[in-house]
Amino acid sequence: MKHTTSSALIALLAGTPALAQTARDVTPSLPTDRGPDRTADRTAAGTADGTAAGTADGADTENQIVVTGTRDRSRTQFDTLAPVDVLSGDAVRSSVSGDLSDTLAQLLPSFNVQRLPAADGQAFVRPASLRGLSADQTLVLVNGKRYHRSALLGTRGAQAPDLAGIPSLAIKRIEVLRDGASAQYGSDAIAGVVNIILDDTVGMDAFGQYSQYYKGDGKEYQTGARGGIALGDRGTLAVTGEYDHSEATSRTRQRPDAIAFQAANPTLSVRNPVQRWGQPDEERIRGALDANYAFSNAAKLYVFGTAQSGEGVTDFNWRNPAGTSSVYGASSAFPGFSFNSVYPVGFSPRFGTTYSDYQGDTGLRGDLSDRFSYDLSAAFGRSRIDYTLNESLNASLGPASPTSFYLGRLEQREFNLNADFVYRLPVGTAEPVNVAFGAERRRETYQVSAGDPASYAIGAGAATGLAPNSNGFPGFSPALAGTFDQTSYAGYVDLEWQPIESVTLGAAGRYEDFSAFGDTFNYKLSARFEPVKGIAARGTYSTGFRAPTPAQLNTSQTTQGLDTTTLQVFNQGRLSPSDPLAIALGATPLTPETSKTATTGLTFQSRFGLTASVDLYQIDVDNRFSQSRTFAVPANFANPQRFTAVSYFTNDFDTRTRGIDAVVGYGHRVGPGRANLSLAYNYNQTNVRSGTSAAIPNDTQRRIFEERLPKHNGTATLGYDIGALSLLARARYYGAWTDVTGNATGELFQRFGSIALFDVSAAYKFDDHFTLRVGAENVANTYPDEATNQAVRGLIYSRNAPYDTDGGQYYVRMGMSF
């Protein structure tokens, strides 16, 4: 009897009808232990056989093993106590984008990612949201081990991993746990867990892909190769390398003030447009290694890791010579000099980044008996980001100002030690009690390094009103530089028990102590009931937390200026919450965000190809992390550094998120081929329950949290396979959402309507080794509503949109597999 799992068909969102893993993908022992044999390569639209009748090699899809959210090695997708989506490597590689965040956003309706052009570092390390929560409230694992954070502090200080650093060709599958799991994994797992399983199978894969937007820009070239060899009959070694070069896009109109400046200065040639709104120029090299070698059943050595290196450039706002007096104004400090001689038609600073990430994990695992297994591991990860600014200046330095600046470096380092054990305790019931327990030591270090002196200097011209610092993004000064760290120790117990065949129970608890703020304890209770074969109810209740990072606890971001009346240097910006001035203004020590999550659902699988699941959830998050409002510093406060206006990170508000995830899939032979249909829908609503004046100074923050992302998201996919030909049609739906634009007179809101985007592709397998795929994403070239409140800057479509706003994109991909 063959069954398909209720959540496997979610992976059909990529157009792969047979996205469930075969029995060859089953993990035979601990979570990262995968055999050396290799599954057959599939086209982008899947195999000729579908999930209803099993996979191409006839494996029973009910036997798929999942390793996320459970430490019982016998759990399948249908058996899990909480919803787990499994996305195959073919599904991941069916997306045009080379950024894994984009791919997940297309495959999972509850996953959103924004483009954020010209948003400093977030244009390159883009925030991704699961179930509408913050980017750093989703835990990312690789082969079941914690993946390091990026060095970037994003929106409201969120510090999340950079998924774009993981090569898609190295991925065997991705398991996404849509449930709180801090009791099992520790900090960050409030919204859920994304577990990326690397492919260590024997064989070789390679691909080349070209894509371009209908507008003629945004050309992207991707290529990569993966090779896996057997180490005798004791293990495997797999190495992957990828190269990705993407050119900029521009969805921009000429700024009205630039048009006026050109009309007033006909002898000058003003660039059209003077600044660009769109995706950045970017180039990345990515790699991965996955190896294992079994000395015996009791001792298997494993090593795996990922690495990336890249660089990119994006535009900032145009500086108008006719209206930017802080740059182009006359100064008695520099008689006869004007920056009109340097930038006669204005300038748009070019913000650049060079980044590198790597993580390596190694360990020893094995079975000491039929009942007892262990996994001892160590991991080190590092994210490094260097910033530059070109086509800019430090106006206060006058003619001595450079036009290019090194702004400084951000670096995040993490070192983890883990000891994990599983014991199958026989108690005379349907299954033994699966007793998992272990301990972890984790050390995080964050470092800020200073930039060029000119990037933060206050020159002689500041006394006459010329702006100090590199214009567009001040460099990090020595006062902001430093190294900060935090250490934590944890212990956990995770139990699963099947007292009778139709009932499964689970309980987990985790105690963790942090050097920065103290200890925390979290727990999780789970249950599953299958009264009729193929129909089951499941539910969980858990508490969770997200610990503040060393960067959030300790760093500041300030700029310097010179008061033109008093000729005194002043500072403004964001202070560390531990700064005495911030404390005087109301800052308190940061504490963990805490959560309470309840999930309940039904799953169904049939013998005739129909599968379905529906899960309801509620996530209460207290002490959510944000940035306070800006405070003017009173004259009577102790203020030796002469701050005039400051803000700080704070725990200050509570939210409640409620939603529904529903998935329906059906696969059946139609005519000479096989059709596969998948429907997936997510409803997600967040409400602010409370907050003080520090974090919620007015209605703006509440509306951002409640309306910034669509409440309704859905995907429908139809695939048809006939012989060597595979066809795909996919629809993506995004509901209405609200954007906000800052203005001197207050925030301006704009409501954007719903939008539907359609993708199509066709793949043909020439023989057992070569596959050609052609297709288009957003084939109808649909654009969203224009961003009327931002038109003054030349921007056409909102940069905060939760979908690509660059229009249609076509691509061709050639794949090879041996």
# chains A, B, ... in the order shown; residues from 1 in each chain; ligands from 1
$ residues_around --residues "A:Ala378" --least-positions-apart "2" --cutoff "12 Å" --atoms "only C-alpha atoms" --output "PyMOL selection string"
chain A and resi 145-146+301-305+359-365+375-376+380-381+414-420+440-443
$ select_by_dssp --residues "stretch 667-731 of chain A" --states "strand (DSSP E)" --output "JSON, numbers by chain"
{"A": [667, 668, 669, 670, 673, 674, 675, 676, 677, 678, 679, 680, 681, 682, 683, 684, 685, 686, 687, 688, 689, 690, 691, 712, 713, 714, 715, 716, 717, 718, 719, 720, 721, 722, 725, 726, 727, 728, 729, 730, 731]}
$ write_last_selection --atoms "N, CA and C atoms" --output "CSV table (one decimal), in the first residue's frame"
chain,number,residue,atom,x,y,z
A,667,GLY,N,-2.6,13.7,-7.4
A,667,GLY,CA,-1.9,13.3,-8.5
A,667,GLY,C,-2.6,12.1,-9.1
A,668,HIS,N,-2.7,12.1,-10.4
A,668,HIS,CA,-3.3,10.9,-11.1
A,668,HIS,C,-3.0,10.9,-12.6
A,669,ARG,N,-3.0,9.7,-13.2
A,669,ARG,CA,-2.7,9.6,-14.6
A,669,ARG,C,-3.9,10.2,-15.4
A,670,VAL,N,-3.5,11.0,-16.4
A,670,VAL,CA,-4.5,11.6,-17.3
A,670,VAL,C,-4.0,11.4,-18.7
A,673,GLY,N,-0.1,10.7,-19.9
A,673,GLY,CA,0.8,11.2,-18.9
A,673,GLY,C,0.2,11.3,-17.5
A,674,ARG,N,0.8,12.0,-16.7
A,674,ARG,CA,0.4,12.1,-15.3
A,674,ARG,C,0.2,13.6,-14.9
A,675,ALA,N,-0.9,13.9,-14.3
A,675,ALA,CA,-1.2,15.3,-13.9
A,675,ALA,C,-1.0,15.4,-12.4
A,676,ASN,N,-0.5,16.5,-11.9
A,676,ASN,CA,-0.4,16.7,-10.5
A,676,ASN,C,-0.8,18.1,-10.1
A,677,LEU,N,-1.7,18.2,-9.1
A,677,LEU,CA,-2.3,19.5,-8.7
A,677,LEU,C,-2.0,19.8,-7.3
A,678,SER,N,-1.6,21.0,-7.0
A,678,SER,CA,-1.3,21.4,-5.6
A,678,SER,C,-1.9,22.7,-5.3
A,679,LEU,N,-2.6,22.9,-4.2
A,679,LEU,CA,-3.1,24.1,-3.7
A,679,LEU,C,-2.6,24.4,-2.3
A,680,ALA,N,-2.0,25.5,-2.1
A,680,ALA,CA,-1.5,25.9,-0.7
A,680,ALA,C,-2.0,27.3,-0.4
A,681,TYR,N,-2.4,27.5,0.9
A,681,TYR,CA,-3.0,28.8,1.3
A,681,TYR,C,-2.5,29.1,2.7
A,682,ASN,N,-2.2,30.3,3.0
A,682,ASN,CA,-1.9,30.8,4.3
A,682,ASN,C,-2.6,32.1,4.6
A,683,TYR,N,-3.3,32.1,5.8
A,683,TYR,CA,-3.8,33.3,6.3
A,683,TYR,C,-3.1,33.6,7.6
A,684,ASN,N,-2.6,34.9,7.7
A,684,ASN,CA,-1.8,35.2,8.8
A,684,ASN,C,-2.1,36.7,9.2
A,685,GLN,N,-2.5,36.8,10.5
A,685,GLN,CA,-2.8,38.2,11.0
A,685,GLN,C,-2.1,38.4,12.3
A,686,THR,N,-1.4,39.6,12.4
A,686,THR,CA,-0.7,40.0,13.7
A,686,THR,C,-1.4,41.2,14.2
A,687,ASN,N,-1.6,41.2,15.6
A,687,ASN,CA,-2.2,42.3,16.3
A,687,ASN,C,-1.2,42.7,17.4
A,688,VAL,N,-1.0,44.0,17.5
A,688,VAL,CA,-0.2,44.5,18.7
A,688,VAL,C,-1.1,44.6,19.9
A,689,ARG,N,-0.7,43.9,20.9
A,689,ARG,CA,-1.6,43.8,22.1
A,689,ARG,C,-1.3,44.9,23.1
A,690,SER,N,0.0,45.3,23.2
A,690,SER,CA,0.4,46.3,24.2
A,690,SER,C,1.7,46.9,23.8
A,691,GLY,N,2.1,48.1,24.3
A,691,GLY,CA,3.4,48.7,24.1
A,691,GLY,C,3.4,50.1,24.7
A,712,HIS,N,-3.3,37.3,3.3
A,712,HIS,CA,-3.6,36.2,2.5
A,712,HIS,C,-2.5,35.9,1.4
A,713,ASN,N,-2.1,34.7,1.4
A,713,ASN,CA,-1.1,34.2,0.4
A,713,ASN,C,-1.5,32.8,-0.1
A,714,GLY,N,-1.3,32.6,-1.3
A,714,GLY,CA,-1.7,31.3,-1.9
A,714,GLY,C,-0.9,30.9,-3.1
A,715,THR,N,-0.8,29.6,-3.4
A,715,THR,CA,-0.1,29.1,-4.5
A,715,THR,C,-0.9,28.0,-5.1
A,716,ALA,N,-1.0,27.9,-6.4
A,716,ALA,CA,-1.7,26.8,-7.1
A,716,ALA,C,-0.7,26.3,-8.2
A,717,THR,N,-0.5,25.0,-8.3
A,717,THR,CA,0.4,24.5,-9.3
A,717,THR,C,-0.2,23.3,-10.0
A,718,LEU,N,0.0,23.3,-11.3
A,718,LEU,CA,-0.5,22.2,-12.1
A,718,LEU,C,0.7,21.7,-12.9
A,719,GLY,N,1.1,20.5,-12.8
A,719,GLY,CA,2.2,19.9,-13.5
A,719,GLY,C,1.7,18.7,-14.4
A,720,TYR,N,2.2,18.5,-15.5
A,720,TYR,CA,1.9,17.4,-16.4
A,720,TYR,C,3.1,16.8,-17.0
A,721,ASP,N,3.3,15.5,-16.8
A,721,ASP,CA,4.5,14.8,-17.3
A,721,ASP,C,4.1,13.8,-18.3
A,722,ILE,N,4.7,13.8,-19.5
A,722,ILE,CA,4.4,12.8,-20.5
A,722,ILE,C,5.7,12.4,-21.1
A,725,LEU,N,8.9,14.8,-21.5
A,725,LEU,CA,8.4,16.2,-21.4
A,725,LEU,C,7.7,16.5,-20.1
A,726,SER,N,8.0,17.6,-19.5
A,726,SER,CA,7.4,18.0,-18.3
A,726,SER,C,6.9,19.4,-18.4
A,727,LEU,N,5.6,19.7,-18.1
A,727,LEU,CA,5.1,21.0,-18.2
A,727,LEU,C,4.6,21.5,-16.9
A,728,LEU,N,4.7,22.8,-16.7
A,728,LEU,CA,4.3,23.4,-15.4
A,728,LEU,C,3.6,24.7,-15.6
A,729,ALA,N,2.5,24.9,-14.8
A,729,ALA,CA,1.9,26.2,-14.7
A,729,ALA,C,1.6,26.5,-13.2
A,730,ARG,N,2.0,27.7,-12.8
A,730,ARG,CA,1.9,28.0,-11.3
A,730,ARG,C,1.3,29.4,-11.2
A,731,ALA,N,0.4,29.6,-10.2
A,731,ALA,CA,-0.1,30.9,-9.9
A,731,ALA,C,0.3,31.2,-8.4
$ closest_residue --among "A:Ser515, A:Ser595, A:Asn571, A:Thr324" --to "A:Ala490" --atoms "only C-alpha atoms"
A:Ser515
$ atom_distance --atom1 "atom CA of A:Arg253" --atom2 "atom CA of A:Thr782"
18.2 Å
$ atom_distance --atom1 "atom CA of A:Phe405" --atom2 "atom CA of A:Ala462"
18.5 Å
$ closest_residue --among "A:Ile619, A:Ser356, A:Val86, A:Tyr213" --to "A:Tyr810" --atoms "only C-alpha atoms"
A:Tyr213
$ atom_distance --atom1 "atom CA of A:Thr236" --atom2 "atom CA of A:Asp200"
6.4 Å
$ residues_around --residues "stretch 126-131 of chain A" --least-positions-apart "2" --cutoff "6 Å" --atoms "only C-alpha atoms" --output "ChimeraX atom specification"
/A:110-113,122,124,133-135
$ residues_around --residues "stretch 624-634 of chain A" --least-positions-apart "2" --cutoff "10 Å" --atoms "only C-alpha atoms" --output "MDAnalysis selection string"
chainID A and resid 134 155:158 546 548 552 572:574 581:582 584:587 590:595 621:622 636:639 642:655 691:698 701
$ select_by_dssp --residues "stretch 55-249 of chain A" --states "alpha helix (DSSP H)" --output "list in words"
Gly89, Asp90, Ala91, Val92, Leu100, Ser101, Asp102, Thr103, Leu104, Ala105, Gln106, Leu107, Ser182, Ala183, Gln184 and Tyr185 of chain A
$ closest_residue --among "A:Ala164, A:Ala82, A:Ala551, A:Ile65" --to "A:Leu602" --atoms "only C-alpha atoms"
A:Ala82
